[in-house]
Every structure is written in structure tokens, then in C-alpha cells.
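**Student:** One structure follows; several queries about it will come next.
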Amino acid sequence: MSTAVNSSKPQPILLIHGGAWAMPDDAVAAHERGIAAALAAGWSALSRGGTAVDAVEAAVTIMEDDDTFDAGRGSFLTRDGRVQLDALLMNGADLRTGGVACVERLRNPIQAARLVLEKSPHVYFVGTGAERFATQHGMRLIDNTELIVPRERNRLMAFQRAEAAGHPDTTFSGGDPTSVLGSATPDTTFSGGDPTSVLGSATPDTTFSGNSEFTTPVISTDPERSRFEGDGLQPVHSAPKATGALAPEGALAQTALEAEALRTLPDELRIEDPTLHSHDTVGAVALDQYGNLAAGTSTGGTLSKAPGRVGDSSLIGCGCYADNLSAAVSLTGWGEPIMKLVLGKWAVDRVAAGATPQDAASEAIAYLYNRLGGHGGIILLGPDGQIGIAHNTPRMAWGIATATGHQQGITRNP
Ligand code: ASP
């Protein structure tokens with residue numbers, strides 16, 4: 001799709017996402033509010049003459065502070081109940097980049113990433129080294145508990161209960177053909193496939209059948225909700241069912257005690273399949289009036305991840321990349337397949353080779369699925385202001401700000 005305006009001076013534009021997953025209906029309003037606030041902050045930076053880097057940092061900061069999203073406070077917890085955050089920020093003008101991973105005591109990792117980008121000859125810091133670098137440059141350390149919200153403690157408990165009850169976490173199996181083909185319980189973390197199949201039946205694995213499913217949102221001015229269209233390819237998985245698919249009493253519970261514990265969970269946490277829970281990594285790409293691109297991605301990673309695990313989001317060329325000579329990109333979704341395909345760089349290279357950002361976005365999601373059975377979402381922005389958005393998850397939250405107004409949507413697969 002094209003938002004470019006005929007003018008020699010670049011028209012600033014900001015494009016953001018707030019995750020791609022099987023978002024239930026009752027989470028939509030919070031995402032819409034969060035996206036709107038992030039658009040406002042990022043656009044305010046751009047319209048005041050700020051750089052693309054300023055706008056991306058501002059938009060991502062707002063989403064890190066909003067505990068709706070899996071970034072900053074409110075993120076998923078690691079297996080041992082802590083928050084570990086990853087973020088990357090990249091300047092397409094000069095390719096300067098800053099990344100941090102596995103930080104536990106920084107409220108806004110995207111701001112630490114900015115410090116790395118600007119003040120270090122290095123590109124990437126992890127763990128306590130990243131925290132030390134951030135404090136040396138003025139950031140305050142907080143206690144990890146300040147990043148934890150009760151909702152996530154409950155979510156982790158429910159997930160681990162389900163795991164202990166014999167429902168394996170196959171989050172990381174999809175990238176390995178042998179393990180996927182050997183599993184009777186395909187990972188539907190980002191697909192929103194039939195939850196009942198995950199909970200027990202031996203649904204045939206169609207991961208490598210060569211089919212593809214992805215959605216290309218069509219930006220509309222419909223104030224209620226933007227439209228979207230499928231691409232006409234046959235979906236491999238059943239229609240998304242996570243919305244309102246609450247666990248029947250006892251579906252996850254093995255004992256009366258567990259059933260009682262489940263009853264205490266809020267509705268949004270009682271989705272049948274715990275692996276369908278939130279994947280709200282956030283990201284932004286921007287083009288400023290000076291003609292420069294930037295991209296940023298920030299995440300708490302995946303639910304119950306092993307401590308020290310790093311996903312695609314903060315890895316250069318995987319979940320984030322920006323180059324004025326190609327495009328700016330941010331991804332969300334199941335991190336391991338995205339990393340293996342270096343998908344962000346794959347997508348911007350297609351733009352450099354002449355594809356429109358929309359075609360490159362759609363092709364990237366198709367490639368993710370066809371090659372590794374992965375699920376996720378992508379936003380792409382070319383140096384001429386053309387944008388692309390695609391995802392093969394049940395829903396994806398996104399927003400666009402230009403001089404002519406702001407638009408947002410929670411795109412839903414048909
Ligand atoms: N890509 C992120 C990760 O794997 C998760 C997400 O996008 O929600 O860490």
C-alpha cells in the first residue's frame with residue numbers, strides 16, 4: 001500500500017505494532033488505547049522536527065510503560081518468575097545500532113538501546129553488563145518486581161500447571177522439522193489453531209504441507225475497525241478460535257485444587273491453550289522529514305522462557321532492521337523461526353531489490369510459514385514512505401501516523 005505523497009521533501013510517517021497473536025476480544029480495547037497513545041507520542045516527536053530515531057524511541061517507550069504489552073512492565077515471566085527484557089534500536093541513516101538483552105532492572109530497555117546506539121562503539125550488551133552501561137549513562141536501576149504484574153504471575157502459574165499436567169510446551173519445536181514432525185501436538189502459540197487439538201488429540205501436522213496463511217490488512221478510513229483481506233491461499237490451520245475460547249471447567253485442571261485455582265483466574269487467562277496467551281512484543285518504524293529511516297523492537301520474550309533465552313526481537317536483522325537504502329522493519333511472533341531466517345533483513349533486501357513493502361511483508365510471512373511453520377507479524381516502511389503490514393496470526397495490533405491523520409487497527413484473520 002502507498003502512503004507516499006508527491007513532494008520532493010519526505011513526508012514523515014510512523015508505523016507501529018503491538019504484537020500479533022490470538023488476542024481475545026476483551027483485550028482489544030486496551031491494545032487500541034495503547035496503540036493510540038504510542039502513535040501520539042511518536043508523532044509528536046516527528047512533527048516537532050525530531051528524527052526517526054526519536055519517534056521510534058518515543059512510541060516504543062509508551063508501549064513499554066503500558067502493561068498491556070509484552071514489553072517493559074507487564075511482560076511475560078521467565079520460567080523462574082522474573083522479567084527479562086530485550087530491545088533493539090537502529091538508525092537507517094548510518095546503520096548505527098544499539099541492542100540490549102536479558103536486562104532485568106531497566107524500566108525502558110529501548111532507552112538503554114538508544115544509549116548503546118549513541119554512546120558506545122559496540123552494538124549489543126547483555127545482562128548486568130547492559131545494566132551497568134545504562135547506569136553509567138544516567139539510567140536508573142529498578143527492582144525486577146516493579147516490572148511484574150499480578151496478571152503475569154497468574155498466567156505463568158496456569159501455564160506451568162498445564163505443563164506439569166502433561167501438555168508439553170512446544171513453543172520451540174516448530175523450527176526443527178524432525179521435532180515438529182515427531183510431535184502430535186503442533187505449537188499453535190501464534191497461530192490460534194484449534195485449542196482442543198493442542199490439548200490432546202493427534203491432529204495431523206500440516207506444518208510442512210506447503211500451504212500458507214497470512215493476512216494483508218487493507219488500510220481503511222473505517223473509524224470503527226480497519227478492514228483486512230486474506231490473500232486467497234488456503235489456511236492450514238482451522239479458523240482462529242482463541243477469541244472467547246475459554247477453558248471449559250477443568251480443561252487444564254488435574255485436581256480439584258487446580259480447578260479451584262483456575263476458577264480464580266480472570267477470563268482472559270482461561271483460554272484453553274495457555275500457549276495462545278499474549279504475544280505483545282512492540283515495535284515501530286519511522287521516516288523523518290530529513291529522509292531517514294529508523295526501527296525499534298522491544299519485548300519481554302515468550303511465556304515461561306528459560307532464563308537467558310534471547311528471541312528475535314533484539315537481534316539485528318531478525319526482529320528489527322533499518323537502512324535508508326532498503327527499508328525499516330519490525331517483527332513480532334514466534335521468535336525462533338524468525339531468527340533462523342534472519343527475516344527482517346530478508347524482507348528489507350526484497351524492498352531494495354524492487355519489491356513494494358507490502359509485497360515484501362506478505363512474502364516474508366509466507367516464507368516464515370512455508371519454510372519453518374512459523375507465525376508472526378511484520379511492519380515495513382520504505383524510504384519513499386510506502387508501507388507494508390502482514391501477519392498470519394489471528395490478530396495483529398498496528399497503527400499509522402502521518403500529517404493527514406492517525407489510523408489504527410486490530411487486524412483479524414478471516
Ligand atoms: N518475538 C518475540 C520473542 O520470540 C515474542 C513476540 O513477538 O511476542 O521473543
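Each chain of the C-alpha cells is named A, B, ... in the order shown, its residues numbered from 1; ligands are numbered from 1 in display order.
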Within 7 Å of ligand 1, counting only C-alpha atoms and all ligand atoms, which protein or nucleic acid residues do you find, written as a list in words?
**Tutor:**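 Checked against 7 Å with only C-alpha atoms and all ligand atoms; the hits are Gly19, Ala20, Asp70, His279, Asp280, Thr281, Thr299, Gly300, Gly301, Thr302, Val310, Gly311, Asp312, Ser313, Gly319, Leu331, Thr332, Gly333, Trp334, Gly335 and Glu336 of chain A.
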**Student:** As a PyMOL selection string, list the residues of stretch 258-382 of chain A assigned to strand (DSSP E or B) by DSSP on the backbone atoms of this structure.
**Tutor:** chain A and resi 271+282-287+293-299+316+320-322+328-333+376-381
**Student:** Name all residues at most 8 Å from A:Val329 (count only C-alpha atoms; drop same-chain ones fewer than 4 positions away) and give them as number ranges by chain.
**Tutor:** A: 284-285, 295, 319-322, 344, 347-348, 378-381
**Student:** What does the structure give for the distance between atom CA of A:Ile142 and atom CA of A:Gly42, in Å to one decimal?
**Tutor:**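 Between these atoms lies a distance of 24.9 Å.
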**Student:** Just give me the gap between atom CA of A:Leu315 and atom CA of A:Gly377 in Å, one decimal is fine.
**Tutor:**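 It comes out at 16.1 Å.
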**Student:** What is the distance, in Å and to one decimal place, between atom CA of A:Pro109 and atom CA of A:Gln11?
**Tutor:**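 About the pair atom CA of A:Pro109 and atom CA of A:Gln11: they are 28.6 Å apart.
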**Student:** Would you please give, as a PyMOL selection string, all residues of stretch 74-174 of chain A that DSSP assigns to helix (DSSP H, G or I) based on the backbone?
**Tutor:** chain A and resi 109-119+127-136+144-147+150-164
**Student:** Under the rule that only C-alpha atoms are counted, which of A:Thr97, A:Ala366, A:Asp65, A:Tyr124 is the nearest residue to A:Glu146?
**Tutor:**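 The shortest atom-to-atom distance to A:Glu146 comes from A:Asp65.
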**Student:** Which residues are near A:Val83? Cut-off 9 Å, only C-alpha atoms, ignore same chain within fewer than 3 positions. Put them as a list in words.
**Tutor:**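 Residues near the query, excluding close chain neighbours: Gly72, Arg73, Gly74, Ser75, Phe76, Leu77, Thr78, Cys102, Val103, Glu104, Arg105, Asn144, Thr145, Leu147, Ile148 and Gly300 of chain A.
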**Student:** Write out as number ranges by chain the residues lying within 10 Å of A:His406, counting only C-alpha atoms and excluding same-chain residues fewer than 6 positions away.
**Tutor:** A: 13-15, 36, 39-40, 43, 221, 399-400
